[in-house]
There are 2 protein chains.
Amino acid sequence: MKVIEKIQQAAADGRTAFSFEYFPPKTDEGVENLFERMDRMVAHGPSFCDITWGAGGSTADLTLEIANRMQNMVCVETMMHLTCTNMPVEKIDHALETIKSNGIQNVLALRGDPPHGQDKFVQVEGGFACALDLVQHIRAKYGATLEAYTNDLAYLKRKVDAGADLIVTQLFYDTDIFLKFVNDCRQIGITCPIVPGIMPINNYKGFVRMTGFCKTKIPAEITAALDPIKDNEEAVKAYGIHLGTEMCKKILASGIKTLHLYTLNMEKSALAILMNLGLIEESKVSRPLPWRPPTNVFRVKEDVRPIFWANRPKSYITRTLGWDQYPHGRWGDSRNPSYGALTDHQFTRPRGRGKKLQEEWAVPLKSVEDISERFTNFCEGKLTSSPWSELDGLQPETKIIDDQLVKINQKGFLTINSQPAVNGEKSDSPTVGWGGPGGYVYQKAYLELFCAKDKLDQLVEKIKAFPALTYIAVNKDGESFSNIPANAVNAVTWGVFPGKEIIQPTVVDSASFMVWKDEAFEIWTRGWGCLFPEGDSSRELLEKVQKSYYLVSLVDNDYIHGDLFAAFKEL
Amino acid sequence: MKVIEKIQQAAADGRTAFSFEYFPPKTDEGVENLFERMDRMVAHGPSFCDITWGAGGSTADLTLEIANRMQNMVCVETMMHLTCTNMPVEKIDHALETIKSNGIQNVLALRGDPPHGQDKFVQVEGGFACALDLVQHIRAKYGATLEAYTNDLAYLKRKVDAGADLIVTQLFYDTDIFLKFVNDCRQIGITCPIVPGIMPINNYKGFVRMTGFCKTKIPAEITAALDPIKDNEEAVKAYGIHLGTEMCKKILASGIKTLHLYTLNMEKSALAILMNLGLIEESKVSRPLPWRPPTNVFRVKEDVRPIFWANRPKSYITRTLGWDQYPHGRWGDSRNPSYGALTDHQFTRPRGRGKKLQEEWAVPLKSVEDISERFTNFCEGKLTSSPWSELDGLQPETKIIDDQLVKINQKGFLTINSQPAVNGEKSDSPTVGWGGPGGYVYQKAYLELFCAKDKLDQLVEKIKAFPALTYIAVNKDGESFSNIPANAVNAVTWGVFPGKEIIQPTVVDSASFMVWKDEAFEIWTRGWGCLFPEGDSSRELLEKVQKSYYLVSLVDNDYIHGDLFAAFKEL
């Protein structure tokens, strides 16, 4: 979706829009940390995020890669900066083609700073002299949404006339100058949204360097307030939050309803300001669907997914990248056979998560009881990582049933995915709600687990007394048992909203389950076993379990009167 | 669907399949009566119905037309008879092409009787000599499902080998002979289903004529039982029901699970036998969906319709005949613009209904109060017909809210369509259930009504206090008011079933409503006004109402806590 449309939609809904800006970190670890931070910040529902281009195109490849992951893995509407510095038109077009094919629709067109070591901007051979040329080129060739940074007013008007949809200002600390600027723009006929760029002060030295660089005016009272606390980093941060909050209040009071936050890749100050303004709440994370919906323009209508990848959404995205259409409204048969093959990609993980797993799961395993203990501890919240999850700990809704999960894990039914039954809860319920207020949401209770063959036999026998239970079980080699037709598709999460068709974002289908089972079994070795040295006996035990256990998917279709865990009693 | 598949499916489900055979009536009125009878009989869920070809092809065109209406209007799986008598291959192919394009997949291939006035069958020039040739021709050219009547056993085997999927016997009254025949067939390797043809004895003379014609053996005890009562028509009928029931019991006890009933276009005896056998129940009419699903092979996946035509399903079918795909799972935008234009077809009605309307609605109308009284009487059950309905009286579910409907009709809100809210009732509930047992069904309360502009204004004002209510109102000229987006689609009936995606068979969408409103307004004159002589003042009053009233569609989206009728209090 285009940023201008998101801003217009927020305006139509009477909401204040906000956005976060990041820059490409210098190290791999920095990049991984940035994505974890983004994940947390995006949960608060920014209208979009943007990533800078780096001086003189020095970070071009990294910026392109980060933009791609932002749009497609973090699933936030992404705007990529693009400058003219050192960029002949072929390089510009390469960058634009890349983001277009990655489903990104927003570019912030800039002239850019002079090349490194020079004082004045020099047009590169075969390149553009100014942002206006760049805007015209992009509009003519790609029609993407464009932003323009402020500059000379008349020149700014020409950029808007050339096709820029909105304006983001450089950082400033004198709010009156900003408001005058907005007024001046309106006077000469610039009607598009003008978004103030807010940079919370994080530390004194950085603040002085940055404001000097940008030649922005600092009101005397800010200098006066900072001077006595400049050596106290905490005090500077606290003042930065206070100042940012006051500036935003004044801006919002003037009628402007969009805020852009320069985060400098930091989380706390930006979020603190938004909380002070009442735009976000710690506990109230917005969920348009039970899983974070895609922003990629090619898959933006996608609203149905199999439940199996619920804890591995990034893996799901990579394995369905090649689809030319995504299920909308219902899960079509046509989608089944076309999952991408498993590659290393689905098993690599950010460093932080790898470290956590090593600590929590690479403990000596002497018996299946030791294995079962890991799963039990995870359900008890003693562990926050799991080889079968890209997420931190149990999901909030899973905590509703954690006692029961602990009990069946202790019995050797090793759960990797679950959801409680929900019978018409309000759609803004903090634990199970999604889709915004005014609707009702439903879930069928779901359990997915590994177990030994004898446990499976007992369970299957027991299930005969529970006609509302449907299951599929399969081992690594594909031997399977089931009490449902092979082509059945079971909606296990759905919502009813005013004036809408029924939304059913999560399904259980056998065909996808058979694709998922390869991934789920592979994790025994490539997700867990790999944490032990080669030849280690723990590793051998995991391989044995991988070869002999069954993966079981279990649905209680009676979401009104059923009790899925009753089937495990006396087993 | 093919008849053989329906029989196999019934066998897989452990159900007994039954079917009804009809013949083309001689008069137009007879045809209309037959369709009303079929409608009632099909509500009991026969696997299929068939229509005979008529001696020597004399009823060919009528049979083709009746078969078409059976498949597409009555919506029952239809098998058409086809004989060789007087039928050169072009005529055969014309008949087969016609039924194929009408979505019919079943043919009963017969040699047929000798041409009128001749004793022996004569092959027509360019035609077929026997049913075997006809079977081979149809199989080679069309691949339709075929039945074969019994004849010489070895020859029968050849017909089955040539592609006949199942066998229906001629009528018989000696059950032992039938059971021996089945046994003989099995001995020579005929493995397909063999369906007994049962003809209930309705009157003595007809029985004697028919059995003489068919040269079938009458057991002595039947002759003995009939002889003393042969002049008492009621007693003969009662005996016919008793005999049919006993024959069927013996046949079912032998393991055969399919019964074919020769109805001779009569209803009571056939239904009475099925009731005696416990195969149907007076009160328990099977509803796979809230509306009768299509059997036409081209629209067999259709499972979503707008609610507007709920009481005019035949009109809906004719106006969507041209669609090349039907909504499945959800209501796609693509369907909206392609409704067929209104023609006389949507306003013609069977003679019986026309007479009823004349009696009930062609009463002098002096004021809008007189008009309102018709609607009120209909909701009270005092009238059983309505110009806005193809059906008899109020639907069972509507009776749940008839008191409330009466009240608002008295206030001048003239209702033509409605449903009560349903919050998770069992799917086999007799009033609101559909889709078979094991699921839960839901409805949003719905009202559709005509009212004057001042009433509309009051209602719209009142609705502001009910945030869960959505509405669209429009007059004949297309001036409209609404509180929902123009492209919104609201699911108002849905069901949740084990192992399935959510089924949402009824929706409210603005685009279809705008198509429907032309039909709804047109009924004021072409459905009601036309009952009065030209120039009659009642007719003029109806035209005035047609020109000035608004059609309002109203949904209460809160199916759990809402009360749609509360909006009408104090109006």
# chains A, B, ... in the order shown; residues from 1 in each chain; ligands from 1

$ closest_atom_pairs --of "chain A" --to "chain B" --cutoff "10 Å" --atoms "only C-alpha atoms" --output "Markdown table"
| residue | atom | partner | partner_atom | distance |
| --- | --- | --- | --- | --- |
| A:His328 | CA | B:Arg330 | CA | 9.2 |
| A:Gly329 | CA | B:Arg330 | CA | 6.5 |
| A:Arg330 | CA | B:Gly329 | CA | 6.5 |
| A:Trp331 | CA | B:Glu501 | CA | 8.1 |
| A:Gly332 | CA | B:Gly329 | CA | 9.5 |
| A:Asn423 | CA | B:Gly424 | CA | 9.4 |
| A:Gly424 | CA | B:Ile560 | CA | 8.6 |
| A:Gly438 | CA | B:Ala468 | CA | 8.0 |
| A:Gly439 | CA | B:Asp558 | CA | 8.1 |
| A:Tyr440 | CA | B:Asp558 | CA | 9.0 |
| A:Lys444 | CA | B:Pro498 | CA | 9.7 |
| A:Pro467 | CA | B:Gly438 | CA | 9.2 |
| A:Ala468 | CA | B:Pro498 | CA | 6.9 |
| A:Leu469 | CA | B:Pro498 | CA | 8.4 |
| A:Thr470 | CA | B:Gly499 | CA | 7.0 |
| A:Tyr471 | CA | B:Gly499 | CA | 9.5 |
| A:Asn483 | CA | B:Gly499 | CA | 9.9 |
| A:Ile484 | CA | B:Gly499 | CA | 7.2 |
| A:Pro485 | CA | B:Gly499 | CA | 8.8 |
| A:Ala488 | CA | B:Gly499 | CA | 6.3 |
| A:Val489 | CA | B:Lys500 | CA | 5.3 |
| A:Asn490 | CA | B:Lys500 | CA | 4.2 |
| A:Ala491 | CA | B:Glu501 | CA | 4.5 |
| A:Val492 | CA | B:Glu501 | CA | 8.2 |
| A:Thr493 | CA | B:Ile502 | CA | 9.7 |
| A:Trp494 | CA | B:Ile502 | CA | 8.0 |
| A:Val496 | CA | B:Ala491 | CA | 8.4 |
| A:Phe497 | CA | B:Asn557 | CA | 7.4 |
| A:Pro498 | CA | B:Asn557 | CA | 5.1 |
| A:Gly499 | CA | B:Asn490 | CA | 4.3 |
| A:Lys500 | CA | B:Asn490 | CA | 4.2 |
| A:Glu501 | CA | B:Ala491 | CA | 4.5 |
| A:Ile502 | CA | B:Ala491 | CA | 6.3 |
| A:Ile503 | CA | B:Ile502 | CA | 8.8 |
| A:Gln504 | CA | B:Ile502 | CA | 7.3 |
| A:Thr506 | CA | B:Glu501 | CA | 9.7 |
| A:Val507 | CA | B:Glu501 | CA | 7.6 |
| A:Val508 | CA | B:Gly499 | CA | 8.3 |
| A:Asp509 | CA | B:Gly499 | CA | 8.9 |
| A:Val555 | CA | B:Gly499 | CA | 8.3 |
| A:Asp556 | CA | B:Pro498 | CA | 8.4 |
| A:Asn557 | CA | B:Pro498 | CA | 5.1 |
| A:Asp558 | CA | B:Pro498 | CA | 7.7 |
| A:Tyr559 | CA | B:Tyr440 | CA | 9.7 |
| A:Ile560 | CA | B:Gly424 | CA | 8.6 |

$ residues_around --residues "stretch 377-381 of chain A" --least-positions-apart "4" --cutoff "6 Å" --atoms "only C-alpha atoms" --output "ChimeraX atom specification"
/A:373,402,406

$ select_by_dssp --residues "stretch 416-504 of chain A" --states "helix (DSSP H, G or I)" --output "CSV table (one decimal) with C-alpha atoms, in the first residue's frame"
chain,number,residue,atom,x,y,z
A,453,LYS,CA,4.0,-44.8,18.4
A,454,ASP,CA,2.6,-46.5,21.5
A,455,LYS,CA,1.3,-43.1,22.8
A,456,LEU,CA,-0.2,-42.4,19.4
A,457,ASP,CA,-2.0,-45.8,19.4
A,458,GLN,CA,-3.5,-45.1,22.8
A,459,LEU,CA,-4.6,-41.6,21.8
A,460,VAL,CA,-6.2,-42.8,18.5
A,461,GLU,CA,-8.1,-45.4,20.5
A,462,LYS,CA,-9.3,-42.8,23.0
A,463,ILE,CA,-10.3,-40.4,20.3

$ atom_distance --atom1 "atom CA of A:Gly435" --atom2 "atom CA of B:Ser512"
26.1 Å

$ atom_distance --atom1 "atom CA of B:Ala270" --atom2 "atom CA of B:Val3"
19.9 Å

$ closest_residue --among "B:Glu369, B:Asp303, B:Asp403, B:Glu233" --to "B:Lys205" --atoms "only C-alpha atoms"
B:Glu233

$ select_by_dssp --residues "stretch 258-426 of chain A" --states "strand (DSSP E)" --output "list of chain:residue names"
A:Thr258, A:Leu259, A:His260, A:Leu261, A:Tyr262, A:Arg305, A:Pro306, A:Leu414, A:Thr415, A:Ile416, A:Asn417, A:Ser418, A:Gln419, A:Val422, A:Asn423, A:Gly424, A:Glu425, A:Lys426

$ residues_around --residues "A:Gln71" --least-positions-apart "3" --cutoff "12 Å" --atoms "only C-alpha atoms" --output "NGL selection string"
:A and (1 or 35 or 38-39 or 42 or 48-51 or 64-68 or 74-80 or 99-106 or 292-300 or 314 or 317)

$ atom_distance --atom1 "atom CA of A:Gly189" --atom2 "atom CA of A:Cys248"
24.7 Å

$ residues_around --residues "A:Cys130" --least-positions-apart "2" --cutoff "8 Å" --atoms "only C-alpha atoms" --output "list in words"
Cys84, Leu110, Arg111, Phe128, Leu132, Asp133 and Leu134 of chain A

$ write_last_selection --atoms "C-alpha atoms" --output "compact mmCIF listing (two decimals), in the first residue's frame"
# COMPACT_ATOMS: atom_id res chain seq x y z
CA CYS A 84 21.48 10.92 -6.50
CA LEU A 110 16.72 12.85 -2.16
CA ARG A 111 19.55 14.66 -3.82
CA PHE A 128 20.83 13.15 -11.71
CA LEU A 132 13.49 16.98 -8.74
CA ASP A 133 15.10 15.04 -11.60
CA LEU A 134 14.94 11.88 -9.53

$ residues_around --residues "A:Glu397" --least-positions-apart "2" --cutoff "10 Å" --atoms "only C-alpha atoms" --output "short mmCIF file (atom, residue, chain, number, x, y, z; two decimals) with N, CA and C atoms, in the first residue's frame"
data_model
loop_
_atom_site.label_atom_id
_atom_site.label_comp_id
_atom_site.auth_asym_id
_atom_site.auth_seq_id
_atom_site.Cartn_x
_atom_site.Cartn_y
_atom_site.Cartn_z
N LEU A 394 5.74 -18.47 25.09
CA LEU A 394 4.38 -18.84 24.70
C LEU A 394 3.61 -17.61 24.26
N GLN A 395 2.73 -17.77 23.32
CA GLN A 395 1.84 -16.69 22.93
C GLN A 395 0.84 -16.42 24.06
N LYS A 399 -1.18 -19.09 27.08
CA LYS A 399 -1.07 -19.09 28.54
C LYS A 399 -2.39 -19.49 29.20
N ILE A 400 -3.50 -19.32 28.49
CA ILE A 400 -4.80 -19.73 29.01
C ILE A 400 -4.82 -21.23 29.30
N ILE A 401 -4.06 -21.99 28.51
CA ILE A 401 -4.11 -23.45 28.66
C ILE A 401 -2.76 -24.02 29.08
N ASP A 402 -1.86 -23.19 29.67
CA ASP A 402 -0.50 -23.69 29.92
C ASP A 402 -0.47 -24.83 30.95
N SER A 418 -0.41 -24.77 19.63
CA SER A 418 -1.72 -24.99 20.25
C SER A 418 -2.51 -23.70 20.28
N GLN A 419 -3.80 -23.83 20.40
CA GLN A 419 -4.63 -22.67 20.71
C GLN A 419 -5.85 -23.14 21.49
N PRO A 420 -6.34 -22.28 22.40
CA PRO A 420 -7.53 -22.67 23.16
C PRO A 420 -8.79 -22.45 22.33
N ALA A 421 -9.87 -23.11 22.71
CA ALA A 421 -11.16 -22.84 22.08
C ALA A 421 -11.64 -21.46 22.49
N VAL A 422 -12.27 -20.76 21.57
CA VAL A 422 -12.83 -19.44 21.86
C VAL A 422 -14.22 -19.39 21.24
N PRO A 430 -7.88 -8.61 24.82
CA PRO A 430 -6.42 -8.48 24.73
C PRO A 430 -5.70 -9.81 24.45
N THR A 431 -6.23 -10.94 24.87
CA THR A 431 -5.52 -12.20 24.64
C THR A 431 -5.85 -12.85 23.30
N VAL A 432 -7.12 -12.99 22.99
CA VAL A 432 -7.48 -13.74 21.79
C VAL A 432 -8.06 -12.88 20.68
N GLY A 433 -8.23 -11.57 20.94
CA GLY A 433 -8.87 -10.72 19.95
C GLY A 433 -7.98 -10.39 18.76
#

$ closest_residue --among "B:Ala567, B:Leu62, B:Ala341, B:Leu542" --to "B:Val515" --atoms "only C-alpha atoms"
B:Ala341

$ closest_residue --among "B:Gly45, B:Pro196, B:Gly354, B:Pro24" --to "B:Ile177" --atoms "only C-alpha atoms"
B:Pro196

$ residues_around --residues "B:Lys157" --least-positions-apart "2" --cutoff "12 Å" --atoms "only C-alpha atoms" --output "list in words"
Leu132, Ala148, Tyr149, Thr150, Asn151, Asp152, Leu153, Ala154, Tyr155, Lys159, Val160, Asp161, Ala162, Gly163, Ala164, Asp165, Leu166, Ile167, Asp184, Cys185, Arg186, Gln187, Ile188, Gly189, Ile190, Thr191 and Cys192 of chain B

$ write_last_selection --atoms "N, CA and C atoms" --output "PDB file, in the first residue's frame"
ATOM      1  N   LEU B 132     -29.148 -51.005 -26.765  1.00  0.00           N
ATOM      2  CA  LEU B 132     -27.703 -51.236 -26.733  1.00  0.00           C
ATOM      3  C   LEU B 132     -26.980 -50.253 -27.654  1.00  0.00           C
ATOM      4  N   ALA B 148     -30.253 -48.655 -17.608  1.00  0.00           N
ATOM      5  CA  ALA B 148     -30.832 -49.591 -18.570  1.00  0.00           C
ATOM      6  C   ALA B 148     -32.016 -50.288 -17.929  1.00  0.00           C
ATOM      7  N   TYR B 149     -33.076 -50.381 -18.682  1.00  0.00           N
ATOM      8  CA  TYR B 149     -34.191 -51.179 -18.179  1.00  0.00           C
ATOM      9  C   TYR B 149     -33.874 -52.656 -18.384  1.00  0.00           C
ATOM     10  N   THR B 150     -34.461 -53.456 -17.556  1.00  0.00           N
ATOM     11  CA  THR B 150     -34.230 -54.888 -17.667  1.00  0.00           C
ATOM     12  C   THR B 150     -34.875 -55.430 -18.926  1.00  0.00           C
ATOM     13  N   ASN B 151     -34.310 -56.493 -19.406  1.00  0.00           N
ATOM     14  CA  ASN B 151     -34.815 -57.161 -20.581  1.00  0.00           C
ATOM     15  C   ASN B 151     -34.248 -58.569 -20.499  1.00  0.00           C
ATOM     16  N   ASP B 152     -33.943 -59.120 -21.601  1.00  0.00           N
ATOM     17  CA  ASP B 152     -33.256 -60.409 -21.590  1.00  0.00           C
ATOM     18  C   ASP B 152     -31.932 -60.268 -20.835  1.00  0.00           C
ATOM     19  N   LEU B 153     -31.591 -61.251 -20.009  1.00  0.00           N
ATOM     20  CA  LEU B 153     -30.440 -61.125 -19.104  1.00  0.00           C
ATOM     21  C   LEU B 153     -29.110 -60.932 -19.825  1.00  0.00           C
ATOM     22  N   ALA B 154     -28.844 -61.759 -20.833  1.00  0.00           N
ATOM     23  CA  ALA B 154     -27.559 -61.678 -21.524  1.00  0.00           C
ATOM     24  C   ALA B 154     -27.434 -60.340 -22.245  1.00  0.00           C
ATOM     25  N   TYR B 155     -28.544 -59.910 -22.816  1.00  0.00           N
ATOM     26  CA  TYR B 155     -28.570 -58.629 -23.515  1.00  0.00           C
ATOM     27  C   TYR B 155     -28.357 -57.483 -22.517  1.00  0.00           C
ATOM     28  N   LYS B 159     -25.579 -54.404 -22.329  1.00  0.00           N
ATOM     29  CA  LYS B 159     -25.845 -52.968 -22.133  1.00  0.00           C
ATOM     30  C   LYS B 159     -24.987 -52.411 -21.001  1.00  0.00           C
ATOM     31  N   VAL B 160     -24.867 -53.184 -19.931  1.00  0.00           N
ATOM     32  CA  VAL B 160     -24.039 -52.746 -18.802  1.00  0.00           C
ATOM     33  C   VAL B 160     -22.573 -52.662 -19.252  1.00  0.00           C
ATOM     34  N   ASP B 161     -22.138 -53.695 -19.981  1.00  0.00           N
ATOM     35  CA  ASP B 161     -20.764 -53.684 -20.473  1.00  0.00           C
ATOM     36  C   ASP B 161     -20.522 -52.491 -21.402  1.00  0.00           C
ATOM     37  N   ALA B 162     -21.569 -52.091 -22.137  1.00  0.00           N
ATOM     38  CA  ALA B 162     -21.436 -50.966 -23.060  1.00  0.00           C
ATOM     39  C   ALA B 162     -21.398 -49.633 -22.326  1.00  0.00           C
ATOM     40  N   GLY B 163     -21.691 -49.641 -21.021  1.00  0.00           N
ATOM     41  CA  GLY B 163     -21.538 -48.388 -20.289  1.00  0.00           C
ATOM     42  C   GLY B 163     -22.709 -47.978 -19.419  1.00  0.00           C
ATOM     43  N   ALA B 164     -23.747 -48.785 -19.315  1.00  0.00           N
ATOM     44  CA  ALA B 164     -24.838 -48.430 -18.403  1.00  0.00           C
ATOM     45  C   ALA B 164     -24.339 -48.567 -16.957  1.00  0.00           C
ATOM     46  N   ASP B 165     -24.565 -47.538 -16.145  1.00  0.00           N
ATOM     47  CA  ASP B 165     -24.045 -47.512 -14.776  1.00  0.00           C
ATOM     48  C   ASP B 165     -24.948 -48.243 -13.794  1.00  0.00           C
ATOM     49  N   LEU B 166     -26.237 -48.270 -14.091  1.00  0.00           N
ATOM     50  CA  LEU B 166     -27.152 -48.931 -13.177  1.00  0.00           C
ATOM     51  C   LEU B 166     -28.383 -49.403 -13.923  1.00  0.00           C
ATOM     52  N   ILE B 167     -29.137 -50.243 -13.251  1.00  0.00           N
ATOM     53  CA  ILE B 167     -30.311 -50.869 -13.857  1.00  0.00           C
ATOM     54  C   ILE B 167     -31.535 -50.489 -13.032  1.00  0.00           C
ATOM     55  N   ASP B 184     -29.866 -63.724 -10.339  1.00  0.00           N
ATOM     56  CA  ASP B 184     -29.450 -64.183 -11.673  1.00  0.00           C
ATOM     57  C   ASP B 184     -28.441 -63.216 -12.292  1.00  0.00           C
ATOM     58  N   CYS B 185     -28.720 -61.934 -12.140  1.00  0.00           N
ATOM     59  CA  CYS B 185     -27.800 -60.908 -12.676  1.00  0.00           C
ATOM     60  C   CYS B 185     -26.415 -61.072 -12.067  1.00  0.00           C
ATOM     61  N   ARG B 186     -26.360 -61.222 -10.760  1.00  0.00           N
ATOM     62  CA  ARG B 186     -25.071 -61.345 -10.072  1.00  0.00           C
ATOM     63  C   ARG B 186     -24.318 -62.561 -10.565  1.00  0.00           C
ATOM     64  N   GLN B 187     -25.095 -63.655 -10.833  1.00  0.00           N
ATOM     65  CA  GLN B 187     -24.482 -64.904 -11.302  1.00  0.00           C
ATOM     66  C   GLN B 187     -23.732 -64.721 -12.618  1.00  0.00           C
ATOM     67  N   ILE B 188     -24.290 -63.911 -13.526  1.00  0.00           N
ATOM     68  CA  ILE B 188     -23.634 -63.761 -14.831  1.00  0.00           C
ATOM     69  C   ILE B 188     -22.691 -62.554 -14.856  1.00  0.00           C
ATOM     70  N   GLY B 189     -22.434 -61.998 -13.676  1.00  0.00           N
ATOM     71  CA  GLY B 189     -21.376 -60.970 -13.615  1.00  0.00           C
ATOM     72  C   GLY B 189     -21.846 -59.546 -13.772  1.00  0.00           C
ATOM     73  N   ILE B 190     -23.145 -59.273 -13.590  1.00  0.00           N
ATOM     74  CA  ILE B 190     -23.626 -57.885 -13.580  1.00  0.00           C
ATOM     75  C   ILE B 190     -23.466 -57.367 -12.150  1.00  0.00           C
ATOM     76  N   THR B 191     -22.573 -56.393 -11.967  1.00  0.00           N
ATOM     77  CA  THR B 191     -22.259 -55.957 -10.598  1.00  0.00           C
ATOM     78  C   THR B 191     -22.848 -54.587 -10.258  1.00  0.00           C
ATOM     79  N   CYS B 192     -23.413 -53.896 -11.246  1.00  0.00           N
ATOM     80  CA  CYS B 192     -23.881 -52.528 -10.972  1.00  0.00           C
ATOM     81  C   CYS B 192     -25.147 -52.554 -10.113  1.00  0.00           C
TER      82      CYS B 192
END

$ residues_around --residues "A:Arg15" --least-positions-apart "4" --cutoff "8 Å" --atoms "only C-alpha atoms" --output "NGL selection string"
:A and (10-11 or 257)

$ closest_residue --among "B:Glu360, B:Asp113, B:Glu448, B:Glu32" --to "B:Trp528" --atoms "only C-alpha atoms"
B:Glu360

$ closest_residue --among "B:Phe18, B:Leu531, B:Gln358, B:Ile92" --to "B:Asp61" --atoms "only C-alpha atoms"
B:Ile92

$ decode --residues "stretch 383-395 of chain A" --atoms "N, CA, C and O atoms" --output "PDB file, in the first residue's frame"
ATOM      1  N   LEU A 383      11.526 -21.582  30.138  1.00  0.00           N
ATOM      2  CA  LEU A 383      12.343 -21.314  28.957  1.00  0.00           C
ATOM      3  C   LEU A 383      11.581 -20.321  28.079  1.00  0.00           C
ATOM      4  O   LEU A 383      10.359 -20.347  28.034  1.00  0.00           O
ATOM      5  N   THR A 384      12.334 -19.444  27.404  1.00  0.00           N
ATOM      6  CA  THR A 384      11.649 -18.479  26.535  1.00  0.00           C
ATOM      7  C   THR A 384      11.892 -18.778  25.062  1.00  0.00           C
ATOM      8  O   THR A 384      11.343 -18.112  24.192  1.00  0.00           O
ATOM      9  N   SER A 385      12.730 -19.759  24.771  1.00  0.00           N
ATOM     10  CA  SER A 385      13.002 -20.092  23.371  1.00  0.00           C
ATOM     11  C   SER A 385      12.597 -21.533  23.101  1.00  0.00           C
ATOM     12  O   SER A 385      12.503 -22.351  24.013  1.00  0.00           O
ATOM     13  N   SER A 386      12.340 -21.833  21.821  1.00  0.00           N
ATOM     14  CA  SER A 386      12.060 -23.209  21.409  1.00  0.00           C
ATOM     15  C   SER A 386      12.587 -23.377  19.990  1.00  0.00           C
ATOM     16  O   SER A 386      12.459 -22.467  19.162  1.00  0.00           O
ATOM     17  N   PRO A 387      13.181 -24.523  19.694  1.00  0.00           N
ATOM     18  CA  PRO A 387      13.653 -24.754  18.324  1.00  0.00           C
ATOM     19  C   PRO A 387      12.517 -24.669  17.302  1.00  0.00           C
ATOM     20  O   PRO A 387      12.766 -24.421  16.141  1.00  0.00           O
ATOM     21  N   TRP A 388      11.283 -24.893  17.758  1.00  0.00           N
ATOM     22  CA  TRP A 388      10.140 -24.900  16.828  1.00  0.00           C
ATOM     23  C   TRP A 388       9.466 -23.540  16.707  1.00  0.00           C
ATOM     24  O   TRP A 388       8.405 -23.434  16.127  1.00  0.00           O
ATOM     25  N   SER A 389      10.072 -22.511  17.303  1.00  0.00           N
ATOM     26  CA  SER A 389       9.423 -21.198  17.272  1.00  0.00           C
ATOM     27  C   SER A 389      10.409 -20.083  16.941  1.00  0.00           C
ATOM     28  O   SER A 389      11.546 -20.092  17.400  1.00  0.00           O
ATOM     29  N   GLU A 390       9.955 -19.147  16.119  1.00  0.00           N
ATOM     30  CA  GLU A 390      10.735 -17.934  15.865  1.00  0.00           C
ATOM     31  C   GLU A 390      10.395 -16.854  16.888  1.00  0.00           C
ATOM     32  O   GLU A 390      10.955 -15.775  16.860  1.00  0.00           O
ATOM     33  N   LEU A 391       9.434 -17.131  17.756  1.00  0.00           N
ATOM     34  CA  LEU A 391       8.902 -16.100  18.648  1.00  0.00           C
ATOM     35  C   LEU A 391       9.430 -16.284  20.058  1.00  0.00           C
ATOM     36  O   LEU A 391      10.033 -17.307  20.385  1.00  0.00           O
ATOM     37  N   ASP A 392       9.194 -15.301  20.913  1.00  0.00           N
ATOM     38  CA  ASP A 392       9.645 -15.374  22.300  1.00  0.00           C
ATOM     39  C   ASP A 392       8.577 -16.026  23.175  1.00  0.00           C
ATOM     40  O   ASP A 392       7.481 -15.485  23.331  1.00  0.00           O
ATOM     41  N   GLY A 393       8.897 -17.157  23.779  1.00  0.00           N
ATOM     42  CA  GLY A 393       8.013 -17.785  24.763  1.00  0.00           C
ATOM     43  C   GLY A 393       6.661 -18.183  24.191  1.00  0.00           C
ATOM     44  O   GLY A 393       6.460 -18.238  22.986  1.00  0.00           O
ATOM     45  N   LEU A 394       5.738 -18.475  25.091  1.00  0.00           N
ATOM     46  CA  LEU A 394       4.380 -18.842  24.701  1.00  0.00           C
ATOM     47  C   LEU A 394       3.607 -17.611  24.263  1.00  0.00           C
ATOM     48  O   LEU A 394       3.808 -16.524  24.792  1.00  0.00           O
ATOM     49  N   GLN A 395       2.725 -17.773  23.322  1.00  0.00           N
ATOM     50  CA  GLN A 395       1.835 -16.688  22.925  1.00  0.00           C
ATOM     51  C   GLN A 395       0.839 -16.422  24.064  1.00  0.00           C
ATOM     52  O   GLN A 395       0.510 -17.331  24.822  1.00  0.00           O
TER      53      GLN A 395
END
